[in-house]
Amino acid sequence: MRTQARTGTNRTGILTSPDETEKMLTAEEELQPEFTGDPADFADIKVQSIAEADPLGSVPPPATVKGTLKSGMKKITGSNPQVFIDKLAERAAYERGGTRLYDALIVKFQATGDSTSGATLEELTSIRADELAHYHLLVDTIRALGGDPTAQTPSADLVGVETAGLMQVVNDPRTSFQDCLNAMLVAELTDVDAWNLLATLAEGIGEDDLAQRFRDALLQENKHLQLVRMWYSKSVVDAST
Amino acid sequence: MTLTILEDRGTPLDRQYFTWRELSPKPISKLDDDAFTRIRIVLMNGVEHEALRFQHAVARFNSELRLPLAQIRQIEHQQETLINWLIGPDHSPLETTIAYEQTAIEVTAAMARREPDEYVAQSLRFGLLEDFDHLYRYAALLDRLEGKDANNILQSYTDIVPGRPTHVHHRHAIDNVRRPTATRASHPLTKLHALTITAGEQQTHNYYMNIGPLFADALARQLYAEIASIEEQHVTQYESLLDPTQTFLEQWLLHEAMEVYNYWSCAQQESNPRIKGIWERMLDYEQGHLALVADIFKENAKKDPLEVLPETLPDPLPYASQREFVREVLIEEIDMRSRGTEYVGPDEESDATLAYREHVHADGVPSDSVAAGYRYQPGTELARTSPIAA
């Protein structure tokens, strides 16, 4: 595990092996290779594959309208109600993954005995509890709308792809608490925007109570963002002086 | 320093143990360790994988050997696990691909330079120029897809320029099978080289087949599909150099000797003391395997293992940049092609190969598209507007 950047035997750049690099940079001169083809191909193949691609998958149809009626929540109207369900499922997946990210972050915090950021175990535990509560709020909401909160929708699938790198950083034994805070900053920045969007969507279908609950979650996420941003900044600035 | 092959019986099999924690060791540093440490890891992972595949194949045809094969294979598997797990998680699949191609180039070139049999040496040089071009194509993909510099992995040991163009590597199967040359009468180096390169290429093929579908980008998926098919050709090429008249036991003995030789070569040259310790431990374990297989050979074949094995191993496989040799080969043999078992000029390819190639290229050639106009620049193509001087 590292605590902060240090100088060492990094061999990746050209300046660490000037003699070999000099030889490498003469390769074209000595070998006179032929450079062929049209560089536009790289984008053209993307364009073609986009045109031919199937979607990732679909949002499952509501399992029951009975649950919707019982919950007192209105059936989602509009031409594309599945968009709201997809975004709710995305956030549910994200908050569930986020809870696990904080689990790993708390372990890192305790294992490294970090004292550079100003973070406390109580604060980290409190954020973790918020993420879990947000997950349950979304599960309840999806269920109340007649959806299946266990289904992985396309946006829920993609958010897993998007955050895969964050998981790798936080779970890598070689990374510092500070490294992990940088990953968490990425996570919290996007989370804030996502809750704002969910509140807007809820307002758009006239679910004002739900929108308010989402705005409450947004407030908490903004606090998380401020804390993580402050801890990360303090940790880096202190280490640099 | 020489290694007398059967003198040291190594660690007895019943004392070869690993814990799960040992099988998941601390990885090397992608940033600080020498590229040749990673090259050795990539190669030895392939060598162990070949041990598993070979031993499984034998077990399917031989009931008597099933138990000893299973006993040794269990350890070979654990050895492979420990070695493969040395690659750190900050290597993206594409960065590891660059490491695989660097391994293919540096190891194949080192063997080709010392190979005493001209036909095997020619085969090595032929494959070398193909892997050399694959590196260039993948470096272009790494740059254009991920915005990364392949030289962060290569550490300036290996050139990034076009070789024999990948689009002409595709051949009909009849032009990939070689003459069995690494026979009983061959120089020990020839036998060791043929087995080692078969192992390396087989693992490269396995790796591309596993990670190709992990890419989202359509061109990346196509490129892995294309180059994996050439790695499969390379496995065909190199394994056909082996002597098919040898018995299972003769081949098993040679496999174990090849593992001993390669671990010994790694241990001699390793710069990372912790990894050197791993190579030494593996060497002891492989000597234990070899001693056991030699005993089985004596009992079953009623022959002296030294009728199959050399008394002492050749000098270690050198791990050093083969840039000058690769350049010479490139200048001399870039236009070489293959027809049947022989190496021929560019206008002498078989109709079968030309027809095969026309068919697979009918919808475009990913290896051409990915690297169209690509020139290596330190810091990636994007650094070209403000060139980074060496």
# chains A, B, ... in the order shown; residues from 1 in each chain; ligands from 1

call {"tool": "interface_residues", "arguments": {"of": "chain B", "to": "chain A", "cutoff": "10 Å", "atoms": "only C-alpha atoms", "output": "PDB file with N, CA, C and O atoms, in the first residue's frame"}}
result
ATOM      1  N   LYS B  26       1.569 -11.041  -4.330  1.00  0.00           N
ATOM      2  CA  LYS B  26       1.575  -9.615  -4.677  1.00  0.00           C
ATOM      3  C   LYS B  26       2.008  -9.499  -6.139  1.00  0.00           C
ATOM      4  O   LYS B  26       2.986 -10.144  -6.557  1.00  0.00           O
ATOM      5  N   PRO B  27       1.288  -8.697  -6.937  1.00  0.00           N
ATOM      6  CA  PRO B  27       1.685  -8.571  -8.344  1.00  0.00           C
ATOM      7  C   PRO B  27       2.953  -7.750  -8.504  1.00  0.00           C
ATOM      8  O   PRO B  27       3.347  -7.025  -7.586  1.00  0.00           O
ATOM      9  N   SER B  29       5.088  -4.623 -10.210  1.00  0.00           N
ATOM     10  CA  SER B  29       4.698  -3.240 -10.504  1.00  0.00           C
ATOM     11  C   SER B  29       4.752  -3.027 -12.007  1.00  0.00           C
ATOM     12  O   SER B  29       5.813  -3.200 -12.623  1.00  0.00           O
ATOM     13  N   LYS B  30       3.619  -2.640 -12.572  1.00  0.00           N
ATOM     14  CA  LYS B  30       3.579  -2.322 -14.006  1.00  0.00           C
ATOM     15  C   LYS B  30       4.527  -1.164 -14.317  1.00  0.00           C
ATOM     16  O   LYS B  30       5.103  -1.106 -15.399  1.00  0.00           O
ATOM     17  N   LEU B  31       4.680  -0.283 -13.350  1.00  0.00           N
ATOM     18  CA  LEU B  31       5.433   0.955 -13.582  1.00  0.00           C
ATOM     19  C   LEU B  31       6.929   0.802 -13.312  1.00  0.00           C
ATOM     20  O   LEU B  31       7.755   1.364 -14.021  1.00  0.00           O
ATOM     21  N   ASP B  32       7.271   0.042 -12.253  1.00  0.00           N
ATOM     22  CA  ASP B  32       8.664   0.028 -11.790  1.00  0.00           C
ATOM     23  C   ASP B  32       9.450  -1.221 -12.172  1.00  0.00           C
ATOM     24  O   ASP B  32      10.675  -1.171 -12.266  1.00  0.00           O
ATOM     25  N   ASP B  33       8.770  -2.358 -12.319  1.00  0.00           N
ATOM     26  CA  ASP B  33       9.519  -3.571 -12.657  1.00  0.00           C
ATOM     27  C   ASP B  33       9.987  -3.525 -14.104  1.00  0.00           C
ATOM     28  O   ASP B  33       9.359  -2.888 -14.969  1.00  0.00           O
ATOM     29  N   ASP B  34      11.076  -4.233 -14.357  1.00  0.00           N
ATOM     30  CA  ASP B  34      11.620  -4.276 -15.709  1.00  0.00           C
ATOM     31  C   ASP B  34      10.682  -5.061 -16.626  1.00  0.00           C
ATOM     32  O   ASP B  34      10.087  -6.057 -16.205  1.00  0.00           O
ATOM     33  N   ALA B  35      10.559  -4.619 -17.880  1.00  0.00           N
ATOM     34  CA  ALA B  35       9.663  -5.290 -18.829  1.00  0.00           C
ATOM     35  C   ALA B  35      10.030  -6.767 -18.979  1.00  0.00           C
ATOM     36  O   ALA B  35       9.157  -7.606 -19.231  1.00  0.00           O
ATOM     37  N   GLY B  88      -0.507  -7.496 -12.476  1.00  0.00           N
ATOM     38  CA  GLY B  88      -1.343  -6.631 -11.641  1.00  0.00           C
ATOM     39  C   GLY B  88      -2.616  -6.183 -12.327  1.00  0.00           C
ATOM     40  O   GLY B  88      -2.698  -6.160 -13.565  1.00  0.00           O
ATOM     41  N   PRO B  89      -3.628  -5.811 -11.525  1.00  0.00           N
ATOM     42  CA  PRO B  89      -4.925  -5.429 -12.088  1.00  0.00           C
ATOM     43  C   PRO B  89      -4.924  -4.072 -12.788  1.00  0.00           C
ATOM     44  O   PRO B  89      -5.920  -3.710 -13.406  1.00  0.00           O
ATOM     45  N   ASP B  90      -3.835  -3.325 -12.684  1.00  0.00           N
ATOM     46  CA  ASP B  90      -3.789  -2.054 -13.420  1.00  0.00           C
ATOM     47  C   ASP B  90      -3.340  -2.256 -14.869  1.00  0.00           C
ATOM     48  O   ASP B  90      -3.304  -1.299 -15.642  1.00  0.00           O
ATOM     49  N   LEU B 141      -4.023   0.322 -31.775  1.00  0.00           N
ATOM     50  CA  LEU B 141      -5.324   0.217 -31.104  1.00  0.00           C
ATOM     51  C   LEU B 141      -5.253   0.844 -29.708  1.00  0.00           C
ATOM     52  O   LEU B 141      -6.158   1.589 -29.311  1.00  0.00           O
ATOM     53  N   ARG B 144      -5.195   4.631 -30.208  1.00  0.00           N
ATOM     54  CA  ARG B 144      -6.391   5.247 -30.796  1.00  0.00           C
ATOM     55  C   ARG B 144      -7.667   4.940 -30.015  1.00  0.00           C
ATOM     56  O   ARG B 144      -8.642   5.679 -30.108  1.00  0.00           O
ATOM     57  N   LEU B 145      -7.657   3.843 -29.246  1.00  0.00           N
ATOM     58  CA  LEU B 145      -8.851   3.476 -28.477  1.00  0.00           C
ATOM     59  C   LEU B 145      -8.776   4.026 -27.051  1.00  0.00           C
ATOM     60  O   LEU B 145      -9.739   4.588 -26.543  1.00  0.00           O
ATOM     61  N   ASP B 149       0.152   4.977 -24.466  1.00  0.00           N
ATOM     62  CA  ASP B 149       1.417   4.774 -25.176  1.00  0.00           C
ATOM     63  C   ASP B 149       1.907   3.343 -24.911  1.00  0.00           C
ATOM     64  O   ASP B 149       2.187   2.993 -23.755  1.00  0.00           O
ATOM     65  N   ALA B 150       2.019   2.542 -25.974  1.00  0.00           N
ATOM     66  CA  ALA B 150       2.438   1.146 -25.806  1.00  0.00           C
ATOM     67  C   ALA B 150       3.834   1.045 -25.194  1.00  0.00           C
ATOM     68  O   ALA B 150       4.187   0.037 -24.574  1.00  0.00           O
ATOM     69  N   ASN B 151       4.616   2.102 -25.353  1.00  0.00           N
ATOM     70  CA  ASN B 151       5.981   2.036 -24.827  1.00  0.00           C
ATOM     71  C   ASN B 151       6.021   2.094 -23.298  1.00  0.00           C
ATOM     72  O   ASN B 151       7.044   1.789 -22.702  1.00  0.00           O
ATOM     73  N   ASN B 152       4.924   2.481 -22.663  1.00  0.00           N
ATOM     74  CA  ASN B 152       4.858   2.391 -21.192  1.00  0.00           C
ATOM     75  C   ASN B 152       5.026   0.938 -20.772  1.00  0.00           C
ATOM     76  O   ASN B 152       5.490   0.640 -19.674  1.00  0.00           O
ATOM     77  N   ILE B 153       4.602   0.018 -21.629  1.00  0.00           N
ATOM     78  CA  ILE B 153       4.756  -1.414 -21.366  1.00  0.00           C
ATOM     79  C   ILE B 153       6.096  -1.922 -21.920  1.00  0.00           C
ATOM     80  O   ILE B 153       6.805  -2.681 -21.266  1.00  0.00           O
ATOM     81  N   LEU B 154       6.436  -1.476 -23.122  1.00  0.00           N
ATOM     82  CA  LEU B 154       7.618  -2.028 -23.820  1.00  0.00           C
ATOM     83  C   LEU B 154       8.937  -1.514 -23.254  1.00  0.00           C
ATOM     84  O   LEU B 154       9.978  -2.148 -23.420  1.00  0.00           O
ATOM     85  N   GLN B 155       8.898  -0.331 -22.623  1.00  0.00           N
ATOM     86  CA  GLN B 155      10.094   0.265 -22.005  1.00  0.00           C
ATOM     87  C   GLN B 155      11.257   0.395 -22.981  1.00  0.00           C
ATOM     88  O   GLN B 155      12.428   0.162 -22.629  1.00  0.00           O
ATOM     89  N   SER B 156      10.930   0.729 -24.216  1.00  0.00           N
ATOM     90  CA  SER B 156      11.927   1.017 -25.260  1.00  0.00           C
ATOM     91  C   SER B 156      12.799  -0.175 -25.645  1.00  0.00           C
ATOM     92  O   SER B 156      13.811  -0.007 -26.323  1.00  0.00           O
ATOM     93  N   TYR B 157      12.415  -1.373 -25.253  1.00  0.00           N
ATOM     94  CA  TYR B 157      13.202  -2.554 -25.649  1.00  0.00           C
ATOM     95  C   TYR B 157      12.817  -3.053 -27.047  1.00  0.00           C
ATOM     96  O   TYR B 157      13.574  -3.784 -27.668  1.00  0.00           O
ATOM     97  N   THR B 158      11.590  -2.720 -27.493  1.00  0.00           N
ATOM     98  CA  THR B 158      11.048  -3.344 -28.703  1.00  0.00           C
ATOM     99  C   THR B 158      10.494  -2.259 -29.629  1.00  0.00           C
ATOM    100  O   THR B 158       9.797  -1.354 -29.170  1.00  0.00           O
ATOM    101  N   ASP B 159      10.825  -2.352 -30.923  1.00  0.00           N
ATOM    102  CA  ASP B 159      10.382  -1.347 -31.894  1.00  0.00           C
ATOM    103  C   ASP B 159       8.885  -1.479 -32.184  1.00  0.00           C
ATOM    104  O   ASP B 159       8.336  -2.584 -32.154  1.00  0.00           O
ATOM    105  N   ILE B 160       8.267  -0.330 -32.498  1.00  0.00           N
ATOM    106  CA  ILE B 160       6.856  -0.321 -32.903  1.00  0.00           C
ATOM    107  C   ILE B 160       6.781   0.214 -34.329  1.00  0.00           C
ATOM    108  O   ILE B 160       6.615   1.422 -34.559  1.00  0.00           O
ATOM    109  N   VAL B 161       6.951  -0.660 -35.285  1.00  0.00           N
ATOM    110  CA  VAL B 161       6.811  -0.298 -36.703  1.00  0.00           C
ATOM    111  C   VAL B 161       6.137  -1.469 -37.421  1.00  0.00           C
ATOM    112  O   VAL B 161       6.164  -2.594 -36.923  1.00  0.00           O
ATOM    113  N   PRO B 162       5.562  -1.214 -38.591  1.00  0.00           N
ATOM    114  CA  PRO B 162       4.937  -2.323 -39.316  1.00  0.00           C
ATOM    115  C   PRO B 162       5.967  -3.393 -39.679  1.00  0.00           C
ATOM    116  O   PRO B 162       7.116  -3.073 -40.002  1.00  0.00           O
ATOM    117  N   GLY B 163       5.557  -4.638 -39.610  1.00  0.00           N
ATOM    118  CA  GLY B 163       6.407  -5.737 -40.067  1.00  0.00           C
ATOM    119  C   GLY B 163       5.792  -6.329 -41.319  1.00  0.00           C
ATOM    120  O   GLY B 163       5.253  -5.587 -42.152  1.00  0.00           O
ATOM    121  N   ARG B 164       5.843  -7.644 -41.440  1.00  0.00           N
ATOM    122  CA  ARG B 164       5.099  -8.277 -42.543  1.00  0.00           C
ATOM    123  C   ARG B 164       3.625  -8.018 -42.259  1.00  0.00           C
ATOM    124  O   ARG B 164       3.142  -8.346 -41.167  1.00  0.00           O
ATOM    125  N   PRO B 165       2.912  -7.382 -43.213  1.00  0.00           N
ATOM    126  CA  PRO B 165       1.543  -6.939 -42.885  1.00  0.00           C
ATOM    127  C   PRO B 165       0.649  -8.093 -42.424  1.00  0.00           C
ATOM    128  O   PRO B 165       0.645  -9.166 -43.040  1.00  0.00           O
ATOM    129  N   ASP B 217     -15.572  -1.886 -28.316  1.00  0.00           N
ATOM    130  CA  ASP B 217     -15.352  -1.316 -29.635  1.00  0.00           C
ATOM    131  C   ASP B 217     -15.371  -2.398 -30.727  1.00  0.00           C
ATOM    132  O   ASP B 217     -14.682  -3.423 -30.602  1.00  0.00           O
ATOM    133  N   ALA B 218     -16.118  -2.124 -31.786  1.00  0.00           N
ATOM    134  CA  ALA B 218     -16.304  -3.133 -32.839  1.00  0.00           C
ATOM    135  C   ALA B 218     -14.985  -3.485 -33.520  1.00  0.00           C
ATOM    136  O   ALA B 218     -14.712  -4.660 -33.804  1.00  0.00           O
ATOM    137  N   LEU B 219     -14.174  -2.471 -33.779  1.00  0.00           N
ATOM    138  CA  LEU B 219     -12.914  -2.737 -34.479  1.00  0.00           C
ATOM    139  C   LEU B 219     -11.963  -3.537 -33.585  1.00  0.00           C
ATOM    140  O   LEU B 219     -11.255  -4.434 -34.064  1.00  0.00           O
ATOM    141  N   ALA B 220     -11.957  -3.229 -32.298  1.00  0.00           N
ATOM    142  CA  ALA B 220     -11.114  -3.993 -31.362  1.00  0.00           C
ATOM    143  C   ALA B 220     -11.549  -5.467 -31.358  1.00  0.00           C
ATOM    144  O   ALA B 220     -10.708  -6.369 -31.385  1.00  0.00           O
ATOM    145  N   SER B 321      16.993  -7.243 -25.089  1.00  0.00           N
ATOM    146  CA  SER B 321      16.395  -6.721 -26.325  1.00  0.00           C
ATOM    147  C   SER B 321      17.074  -7.323 -27.551  1.00  0.00           C
ATOM    148  O   SER B 321      18.297  -7.312 -27.666  1.00  0.00           O
ATOM    149  N   ARG B 323      16.531  -6.199 -30.600  1.00  0.00           N
ATOM    150  CA  ARG B 323      16.199  -5.202 -31.620  1.00  0.00           C
ATOM    151  C   ARG B 323      17.031  -5.352 -32.899  1.00  0.00           C
ATOM    152  O   ARG B 323      16.479  -5.368 -33.998  1.00  0.00           O
ATOM    153  N   GLU B 324      18.337  -5.450 -32.741  1.00  0.00           N
ATOM    154  CA  GLU B 324      19.191  -5.477 -33.941  1.00  0.00           C
ATOM    155  C   GLU B 324      18.893  -6.702 -34.795  1.00  0.00           C
ATOM    156  O   GLU B 324      18.802  -6.611 -36.019  1.00  0.00           O
ATOM    157  N   ARG B 327      15.560  -6.360 -36.605  1.00  0.00           N
ATOM    158  CA  ARG B 327      15.676  -5.452 -37.753  1.00  0.00           C
ATOM    159  C   ARG B 327      16.316  -6.155 -38.961  1.00  0.00           C
ATOM    160  O   ARG B 327      15.881  -5.973 -40.095  1.00  0.00           O
ATOM    161  N   GLU B 328      17.338  -6.922 -38.671  1.00  0.00           N
ATOM    162  CA  GLU B 328      17.991  -7.647 -39.771  1.00  0.00           C
ATOM    163  C   GLU B 328      17.008  -8.598 -40.442  1.00  0.00           C
ATOM    164  O   GLU B 328      16.935  -8.684 -41.671  1.00  0.00           O
ATOM    165  N   LEU B 330      13.805  -8.438 -40.447  1.00  0.00           N
ATOM    166  CA  LEU B 330      12.749  -7.685 -41.118  1.00  0.00           C
ATOM    167  C   LEU B 330      13.207  -7.242 -42.510  1.00  0.00           C
ATOM    168  O   LEU B 330      12.473  -7.373 -43.496  1.00  0.00           O
ATOM    169  N   ILE B 331      14.420  -6.740 -42.570  1.00  0.00           N
ATOM    170  CA  ILE B 331      14.937  -6.271 -43.861  1.00  0.00           C
ATOM    171  C   ILE B 331      15.070  -7.441 -44.838  1.00  0.00           C
ATOM    172  O   ILE B 331      14.717  -7.337 -46.010  1.00  0.00           O
ATOM    173  N   GLY B 364     -13.570  -6.549 -45.270  1.00  0.00           N
ATOM    174  CA  GLY B 364     -12.589  -5.601 -44.742  1.00  0.00           C
ATOM    175  C   GLY B 364     -11.551  -6.305 -43.883  1.00  0.00           C
ATOM    176  O   GLY B 364     -11.735  -7.457 -43.483  1.00  0.00           O
ATOM    177  N   PRO B 366      -9.502  -5.818 -40.445  1.00  0.00           N
ATOM    178  CA  PRO B 366      -9.368  -5.020 -39.216  1.00  0.00           C
ATOM    179  C   PRO B 366      -7.948  -4.542 -38.937  1.00  0.00           C
ATOM    180  O   PRO B 366      -7.744  -3.409 -38.498  1.00  0.00           O
ATOM    181  N   ASP B 368      -5.644  -3.760 -40.983  1.00  0.00           N
ATOM    182  CA  ASP B 368      -5.317  -2.603 -41.829  1.00  0.00           C
ATOM    183  C   ASP B 368      -6.018  -1.359 -41.302  1.00  0.00           C
ATOM    184  O   ASP B 368      -5.433  -0.287 -41.198  1.00  0.00           O
ATOM    185  N   SER B 369      -7.289  -1.527 -40.953  1.00  0.00           N
ATOM    186  CA  SER B 369      -8.082  -0.367 -40.529  1.00  0.00           C
ATOM    187  C   SER B 369      -7.560   0.235 -39.236  1.00  0.00           C
ATOM    188  O   SER B 369      -7.527   1.454 -39.072  1.00  0.00           O
ATOM    189  N   VAL B 370      -7.158  -0.620 -38.309  1.00  0.00           N
ATOM    190  CA  VAL B 370      -6.788  -0.108 -36.978  1.00  0.00           C
ATOM    191  C   VAL B 370      -5.519   0.738 -37.026  1.00  0.00           C
ATOM    192  O   VAL B 370      -5.345   1.660 -36.237  1.00  0.00           O
ATOM    193  N   ALA B 371      -4.634   0.413 -37.972  1.00  0.00           N
ATOM    194  CA  ALA B 371      -3.325   1.071 -37.971  1.00  0.00           C
ATOM    195  C   ALA B 371      -3.102   1.915 -39.221  1.00  0.00           C
ATOM    196  O   ALA B 371      -1.967   2.272 -39.506  1.00  0.00           O
ATOM    197  N   ALA B 372      -4.176   2.244 -39.920  1.00  0.00           N
ATOM    198  CA  ALA B 372      -4.000   2.999 -41.168  1.00  0.00           C
ATOM    199  C   ALA B 372      -3.225   4.287 -40.893  1.00  0.00           C
ATOM    200  O   ALA B 372      -3.650   5.114 -40.085  1.00  0.00           O
ATOM    201  N   GLY B 373      -2.068   4.400 -41.523  1.00  0.00           N
ATOM    202  CA  GLY B 373      -1.254   5.603 -41.379  1.00  0.00           C
ATOM    203  C   GLY B 373      -0.608   5.794 -40.013  1.00  0.00           C
ATOM    204  O   GLY B 373      -0.078   6.863 -39.714  1.00  0.00           O
ATOM    205  N   TYR B 374      -0.629   4.757 -39.192  1.00  0.00           N
ATOM    206  CA  TYR B 374      -0.138   4.924 -37.813  1.00  0.00           C
ATOM    207  C   TYR B 374       1.385   4.950 -37.736  1.00  0.00           C
ATOM    208  O   TYR B 374       2.068   4.088 -38.270  1.00  0.00           O
ATOM    209  N   ARG B 375       1.875   5.973 -37.074  1.00  0.00           N
ATOM    210  CA  ARG B 375       3.320   6.060 -36.785  1.00  0.00           C
ATOM    211  C   ARG B 375       3.477   6.211 -35.282  1.00  0.00           C
ATOM    212  O   ARG B 375       2.827   7.073 -34.692  1.00  0.00           O
ATOM    213  N   TYR B 376       4.375   5.420 -34.722  1.00  0.00           N
ATOM    214  CA  TYR B 376       4.580   5.525 -33.272  1.00  0.00           C
ATOM    215  C   TYR B 376       5.166   6.881 -32.913  1.00  0.00           C
ATOM    216  O   TYR B 376       6.087   7.365 -33.573  1.00  0.00           O
ATOM    217  N   GLN B 377       4.645   7.444 -31.870  1.00  0.00           N
ATOM    218  CA  GLN B 377       5.162   8.707 -31.341  1.00  0.00           C
ATOM    219  C   GLN B 377       5.180   8.577 -29.821  1.00  0.00           C
ATOM    220  O   GLN B 377       4.160   8.209 -29.227  1.00  0.00           O
ATOM    221  N   PRO B 378       6.335   8.852 -29.177  1.00  0.00           N
ATOM    222  CA  PRO B 378       6.326   8.813 -27.705  1.00  0.00           C
ATOM    223  C   PRO B 378       5.223   9.733 -27.161  1.00  0.00           C
ATOM    224  O   PRO B 378       5.108  10.881 -27.591  1.00  0.00           O
ATOM    225  N   GLY B 379       4.408   9.195 -26.262  1.00  0.00           N
ATOM    226  CA  GLY B 379       3.307   9.998 -25.728  1.00  0.00           C
ATOM    227  C   GLY B 379       2.034   9.891 -26.537  1.00  0.00           C
ATOM    228  O   GLY B 379       1.084  10.620 -26.271  1.00  0.00           O
ATOM    229  N   ILE B 388       7.421  15.043 -28.215  1.00  0.00           N
ATOM    230  CA  ILE B 388       8.211  14.801 -27.007  1.00  0.00           C
ATOM    231  C   ILE B 388       9.545  14.223 -27.469  1.00  0.00           C
ATOM    232  O   ILE B 388       9.594  13.138 -28.021  1.00  0.00           O
ATOM    233  N   ALA B 389      10.589  14.968 -27.251  1.00  0.00           N
ATOM    234  CA  ALA B 389      11.911  14.514 -27.712  1.00  0.00           C
ATOM    235  C   ALA B 389      12.453  13.444 -26.779  1.00  0.00           C
ATOM    236  O   ALA B 389      12.119  13.413 -25.594  1.00  0.00           O
ATOM    237  N   ALA B 390      13.264  12.591 -27.339  1.00  0.00           N
ATOM    238  CA  ALA B 390      13.888  11.549 -26.502  1.00  0.00           C
ATOM    239  C   ALA B 390      14.969  12.190 -25.650  1.00  0.00           C
ATOM    240  O   ALA B 390      15.580  13.155 -26.049  1.00  0.00           O
TER     241      ALA B 390
END

call {"tool": "residues_around", "arguments": {"residues": "region 124-130 of chain B", "least_positions_apart": "5", "cutoff": "10 Å", "atoms": "only C-alpha atoms", "output": "JSON, numbers by chain"}}
result
{"B": [101, 104, 105, 106, 107, 108, 109, 110, 111, 112, 113, 115, 118, 119, 135, 162, 163, 164, 165, 166, 167, 168, 169, 193, 194, 197, 201, 227, 230, 231, 233, 234, 237, 238, 325, 326, 327, 329, 330, 333, 334, 335, 336, 337, 338, 343]}

call {"tool": "closest_residue", "arguments": {"among": "A:Thr7, A:Gln220, A:Ser115, A:Asn80", "to": "Asp130 (chain A)", "atoms": "only C-alpha atoms"}}
result
A:Gln220

call {"tool": "residues_around", "arguments": {"residues": "Asn84 (chain B)", "least_positions_apart": "6", "cutoff": "12 Å", "atoms": "only C-alpha atoms", "output": "PDB file with C-alpha atoms, in the first residue's frame"}}
result
ATOM      1  CA  LEU B  23      -1.321 -18.701  -5.309  1.00  0.00           C
ATOM      2  CA  SER B  24      -2.400 -15.059  -5.253  1.00  0.00           C
ATOM      3  CA  PRO B  25       0.935 -13.332  -4.659  1.00  0.00           C
ATOM      4  CA  LYS B  26       1.575  -9.615  -4.677  1.00  0.00           C
ATOM      5  CA  PRO B  27       1.685  -8.571  -8.344  1.00  0.00           C
ATOM      6  CA  ILE B  28       4.692  -6.993  -9.993  1.00  0.00           C
ATOM      7  CA  ARG B  38       6.821  -9.341 -17.155  1.00  0.00           C
ATOM      8  CA  ILE B  39       8.080 -11.126 -20.289  1.00  0.00           C
ATOM      9  CA  ARG B  40       9.271 -14.035 -18.149  1.00  0.00           C
ATOM     10  CA  ILE B  41       5.919 -14.142 -16.334  1.00  0.00           C
ATOM     11  CA  VAL B  42       3.958 -14.179 -19.589  1.00  0.00           C
ATOM     12  CA  LEU B  43       6.148 -16.919 -21.035  1.00  0.00           C
ATOM     13  CA  MET B  44       6.149 -19.140 -17.952  1.00  0.00           C
ATOM     14  CA  ASN B  45       2.377 -18.858 -17.645  1.00  0.00           C
ATOM     15  CA  GLY B  46       2.239 -20.236 -21.180  1.00  0.00           C
ATOM     16  CA  VAL B  47       4.761 -22.954 -20.397  1.00  0.00           C
ATOM     17  CA  GLU B  48       2.689 -24.148 -17.442  1.00  0.00           C
ATOM     18  CA  HIS B  49      -0.513 -23.972 -19.448  1.00  0.00           C
ATOM     19  CA  HIS B  77      -1.889 -25.896 -12.347  1.00  0.00           C
ATOM     20  CA  GLN B  78      -0.963 -24.238  -9.089  1.00  0.00           C
ATOM     21  CA  THR B  96      -1.355  -7.096 -21.295  1.00  0.00           C
ATOM     22  CA  GLN B 203      -1.213 -19.222 -24.433  1.00  0.00           C
ATOM     23  CA  TYR B 207      -5.530 -15.132 -24.023  1.00  0.00           C
TER      24      TYR B 207
END

call {"tool": "atom_distance", "arguments": {"atom1": "CA of Arg128 (chain A)", "atom2": "CA of Val170 (chain A)"}}
result
14.4 Å

call {"tool": "select_by_dssp", "arguments": {"residues": "region 15-183 of chain B", "states": "alpha helix (DSSP H)", "output": "ChimeraX atom specification"}}
result
/B:20-23,35-61,66-84,93-114,118-146,151-154

call {"tool": "residues_around", "arguments": {"residues": "Gln226 (chain A)", "least_positions_apart": "2", "cutoff": "12 Å", "atoms": "only C-alpha atoms", "output": "list in words"}}
result
Ala119, Ile127, Leu181, Met184, Leu185, Glu188, Leu189, Val192, Leu219, Gln220, Glu221, Asn222, Lys223, His224, Val228, Arg229, Met230, Trp231, Tyr232 and Ser233 of chain A

call {"tool": "residues_around", "arguments": {"residues": "Pro316 (chain B)", "least_positions_apart": "4", "cutoff": "12 Å", "atoms": "only C-alpha atoms", "output": "PyMOL selection string"}}
result
chain B and resi 1-3+107+110-111+114+189+192-193+258+260-270+312+320

call {"tool": "closest_residue", "arguments": {"among": "B:Ile5, B:Leu223, B:Leu382, B:Leu52", "to": "Glu80 (chain B)", "atoms": "only C-alpha atoms"}}
result
B:Leu52

call {"tool": "residues_around", "arguments": {"residues": "Thr116 (chain A)", "least_positions_apart": "4", "cutoff": "8 Å", "atoms": "only C-alpha atoms", "output": "count of residues only"}}
result
4

call {"tool": "residues_around", "arguments": {"residues": "region 133-135 of chain A", "least_positions_apart": "2", "cutoff": "6 Å", "atoms": "only C-alpha atoms", "output": "PyMOL selection string"}}
result
chain A and resi 92+95-96+130-131+137-138

call {"tool": "atom_distance", "arguments": {"atom1": "CA of Asp209 (chain A)", "atom2": "CA of Ser126 (chain A)"}}
result
24.5 Å

call {"tool": "closest_residue", "arguments": {"among": "A:Phe84, A:Phe214, A:Phe177, A:Tyr94", "to": "Thr112 (chain A)", "atoms": "only C-alpha atoms"}}
result
A:Phe177
